[in-house]
Amino acid sequence: MRPTSVLLVCALGLSLTSCVRAAPAPELANQSLITRADIERIHAMTALDIVQRYRSDVLTARAPSSVLLNKHIHPVVFLNGQPYGAVDELRNLPADGVEEVRFFSGPDAVTKFGSQYGGGVILVVSRSS
């Protein structure tokens with residue numbers, strides 16, 4: 001091959017590889033719910049993988065709305081309706097044991113779970129055995 005042909009092939013290859021992007025996060029029909037079908041579509045290993053893939057925005061801290069109230073500024077994880085722990089605890093839940101994940105914003109979480117959950121709630125519902 002001539003040097004100009006080699007240079008042209010290299011330039012073309014470089015331009016094609018620079019156009020490749022990471023796959024966007026899959027779309028959810030309901031932004032507050034991740035279903036079992038959504039979970040199976042991404043082949044996640046843990047519940048944290050599920051949340052990071054579909055709704056990484058909920059993993060950020062929220063500003064407290066009052067200095068007088070003892071509120072969480074991060075979302076709190078509930079498992080089957082019971083408090084489970086901080087977001088890091090999602091690492092301990094295998095994805096194959098999760099049926100669905102629901103997200104409650106600060107105001108909705110306060111209404112449903114109590115005033116201490118102003119940072120929101122991530123409700124994980126486990127699969128039936």
# chains A, B, ... in the order shown; residues from 1 in each chain; ligands from 1
$ residues_around --residues "A:Leu59" --least-positions-apart "5" --cutoff "8 Å" --atoms "only C-alpha atoms" --output "list in words"
Gln52, His74, Pro75 and Val87 of chain A
$ write_last_selection --atoms "N, CA and C atoms" --output "mmCIF file, in the first residue's frame"
data_model
loop_
_atom_site.group_PDB
_atom_site.id
_atom_site.type_symbol
_atom_site.label_atom_id
_atom_site.label_comp_id
_atom_site.auth_asym_id
_atom_site.auth_seq_id
_atom_site.Cartn_x
_atom_site.Cartn_y
_atom_site.Cartn_z
ATOM 1 N N GLN A 52 -28.330 2.459 39.675
ATOM 2 C CA GLN A 52 -27.338 3.260 38.953
ATOM 3 C C GLN A 52 -27.625 3.294 37.466
ATOM 4 N N HIS A 74 -30.046 11.945 52.090
ATOM 5 C CA HIS A 74 -29.904 10.916 51.061
ATOM 6 C C HIS A 74 -31.139 10.029 51.115
ATOM 7 N N PRO A 75 -31.483 9.396 50.022
ATOM 8 C CA PRO A 75 -32.608 8.461 50.081
ATOM 9 C C PRO A 75 -32.289 7.304 51.025
ATOM 10 N N VAL A 87 -28.203 3.818 51.097
ATOM 11 C CA VAL A 87 -28.115 3.421 49.691
ATOM 12 C C VAL A 87 -27.042 2.359 49.475
#
$ residues_around --residues "A:Leu48" --least-positions-apart "5" --cutoff "9 Å" --atoms "only C-alpha atoms" --output "PyMOL selection string"
chain A and resi 53+87-95
$ write_last_selection --atoms "N, CA and C atoms" --output "mmCIF file, in the first residue's frame"
data_model
loop_
_atom_site.group_PDB
_atom_site.id
_atom_site.type_symbol
_atom_site.label_atom_id
_atom_site.label_comp_id
_atom_site.auth_asym_id
_atom_site.auth_seq_id
_atom_site.Cartn_x
_atom_site.Cartn_y
_atom_site.Cartn_z
ATOM 1 N N ARG A 53 -28.115 2.211 36.911
ATOM 2 C CA ARG A 53 -28.365 2.142 35.471
ATOM 3 C C ARG A 53 -29.590 2.949 35.047
ATOM 4 N N VAL A 87 -28.203 3.818 51.097
ATOM 5 C CA VAL A 87 -28.115 3.421 49.691
ATOM 6 C C VAL A 87 -27.042 2.359 49.475
ATOM 7 N N ASP A 88 -25.953 2.412 50.219
ATOM 8 C CA ASP A 88 -24.880 1.420 50.079
ATOM 9 C C ASP A 88 -25.372 -0.010 50.326
ATOM 10 N N GLU A 89 -26.436 -0.156 51.103
ATOM 11 C CA GLU A 89 -26.978 -1.491 51.394
ATOM 12 C C GLU A 89 -27.536 -2.169 50.150
ATOM 13 N N LEU A 90 -27.805 -1.392 49.088
ATOM 14 C CA LEU A 90 -28.297 -1.981 47.840
ATOM 15 C C LEU A 90 -27.282 -2.951 47.248
ATOM 16 N N ARG A 91 -26.004 -2.788 47.611
ATOM 17 C CA ARG A 91 -24.960 -3.715 47.139
ATOM 18 C C ARG A 91 -25.184 -5.133 47.652
ATOM 19 N N ASN A 92 -25.864 -5.248 48.788
ATOM 20 C CA ASN A 92 -26.067 -6.551 49.421
ATOM 21 C C ASN A 92 -27.296 -7.291 48.919
ATOM 22 N N LEU A 93 -28.044 -6.664 48.017
ATOM 23 C CA LEU A 93 -29.252 -7.297 47.474
ATOM 24 C C LEU A 93 -28.990 -7.778 46.057
ATOM 25 N N PRO A 94 -28.984 -9.083 45.825
ATOM 26 C CA PRO A 94 -28.762 -9.576 44.458
ATOM 27 C C PRO A 94 -29.931 -9.199 43.557
ATOM 28 N N ALA A 95 -29.632 -8.816 42.340
ATOM 29 C CA ALA A 95 -30.653 -8.371 41.394
ATOM 30 C C ALA A 95 -31.661 -9.469 41.079
#
$ residues_around --residues "A:Gly97" --least-positions-apart "2" --cutoff "12 Å" --atoms "only C-alpha atoms" --output "PyMOL selection string"
chain A and resi 36+39-40+44-47+50+79-80+90+92-95+99-101+124-129
$ residues_around --residues "A:Lys112" --least-positions-apart "5" --cutoff "12 Å" --atoms "only C-alpha atoms" --output "list of chain:residue names"
A:Phe78, A:Gly81, A:Phe103, A:Phe104, A:Ser105, A:Gly106, A:Pro107, A:Tyr117, A:Gly118, A:Gly120, A:Val121, A:Leu123
$ write_last_selection --atoms "N, CA, C and O atoms" --output "PDB file, in the first residue's frame"
ATOM      1  N   PHE A  78     -35.783   0.957  51.692  1.00  0.00           N
ATOM      2  CA  PHE A  78     -36.744   0.105  52.379  1.00  0.00           C
ATOM      3  C   PHE A  78     -36.808  -1.205  51.603  1.00  0.00           C
ATOM      4  O   PHE A  78     -36.771  -1.206  50.370  1.00  0.00           O
ATOM      5  N   GLY A  81     -41.196  -2.829  52.462  1.00  0.00           N
ATOM      6  CA  GLY A  81     -41.919  -1.933  53.358  1.00  0.00           C
ATOM      7  C   GLY A  81     -41.243  -1.656  54.687  1.00  0.00           C
ATOM      8  O   GLY A  81     -41.741  -0.860  55.475  1.00  0.00           O
ATOM      9  N   PHE A 103     -39.470   4.439  43.530  1.00  0.00           N
ATOM     10  CA  PHE A 103     -38.802   5.637  44.023  1.00  0.00           C
ATOM     11  C   PHE A 103     -39.841   6.630  44.523  1.00  0.00           C
ATOM     12  O   PHE A 103     -40.827   6.895  43.834  1.00  0.00           O
ATOM     13  N   PHE A 104     -39.609   7.142  45.719  1.00  0.00           N
ATOM     14  CA  PHE A 104     -40.469   8.166  46.290  1.00  0.00           C
ATOM     15  C   PHE A 104     -39.626   9.416  46.503  1.00  0.00           C
ATOM     16  O   PHE A 104     -38.600   9.363  47.195  1.00  0.00           O
ATOM     17  N   SER A 105     -40.066  10.528  45.915  1.00  0.00           N
ATOM     18  CA  SER A 105     -39.360  11.797  46.105  1.00  0.00           C
ATOM     19  C   SER A 105     -39.524  12.236  47.557  1.00  0.00           C
ATOM     20  O   SER A 105     -40.323  11.667  48.309  1.00  0.00           O
ATOM     21  N   GLY A 106     -38.786  13.263  47.963  1.00  0.00           N
ATOM     22  CA  GLY A 106     -38.849  13.752  49.339  1.00  0.00           C
ATOM     23  C   GLY A 106     -40.257  13.968  49.863  1.00  0.00           C
ATOM     24  O   GLY A 106     -40.644  13.378  50.876  1.00  0.00           O
ATOM     25  N   PRO A 107     -41.071  14.803  49.190  1.00  0.00           N
ATOM     26  CA  PRO A 107     -42.425  15.047  49.702  1.00  0.00           C
ATOM     27  C   PRO A 107     -43.288  13.784  49.750  1.00  0.00           C
ATOM     28  O   PRO A 107     -44.030  13.567  50.704  1.00  0.00           O
ATOM     29  N   TYR A 117     -37.829  11.152  56.396  1.00  0.00           N
ATOM     30  CA  TYR A 117     -37.391  10.646  55.094  1.00  0.00           C
ATOM     31  C   TYR A 117     -37.504  11.697  53.986  1.00  0.00           C
ATOM     32  O   TYR A 117     -37.898  11.400  52.870  1.00  0.00           O
ATOM     33  N   GLY A 118     -37.108  12.912  54.302  1.00  0.00           N
ATOM     34  CA  GLY A 118     -37.167  14.017  53.339  1.00  0.00           C
ATOM     35  C   GLY A 118     -36.215  13.865  52.171  1.00  0.00           C
ATOM     36  O   GLY A 118     -36.369  14.517  51.150  1.00  0.00           O
ATOM     37  N   GLY A 120     -35.997  11.203  50.451  1.00  0.00           N
ATOM     38  CA  GLY A 120     -36.600  10.237  49.542  1.00  0.00           C
ATOM     39  C   GLY A 120     -36.447   8.807  50.037  1.00  0.00           C
ATOM     40  O   GLY A 120     -35.706   8.541  50.988  1.00  0.00           O
ATOM     41  N   VAL A 121     -37.147   7.923  49.379  1.00  0.00           N
ATOM     42  CA  VAL A 121     -37.103   6.502  49.732  1.00  0.00           C
ATOM     43  C   VAL A 121     -36.971   5.690  48.442  1.00  0.00           C
ATOM     44  O   VAL A 121     -37.624   5.982  47.444  1.00  0.00           O
ATOM     45  N   LEU A 123     -37.783   2.006  47.543  1.00  0.00           N
ATOM     46  CA  LEU A 123     -38.479   0.839  48.048  1.00  0.00           C
ATOM     47  C   LEU A 123     -38.199  -0.353  47.139  1.00  0.00           C
ATOM     48  O   LEU A 123     -38.547  -0.343  45.954  1.00  0.00           O
TER      49      LEU A 123
END
$ closest_residue --among "A:Val98, A:Ile73, A:Ile122, A:Ala86" --to "A:Thr35" --atoms "only C-alpha atoms"
A:Val98
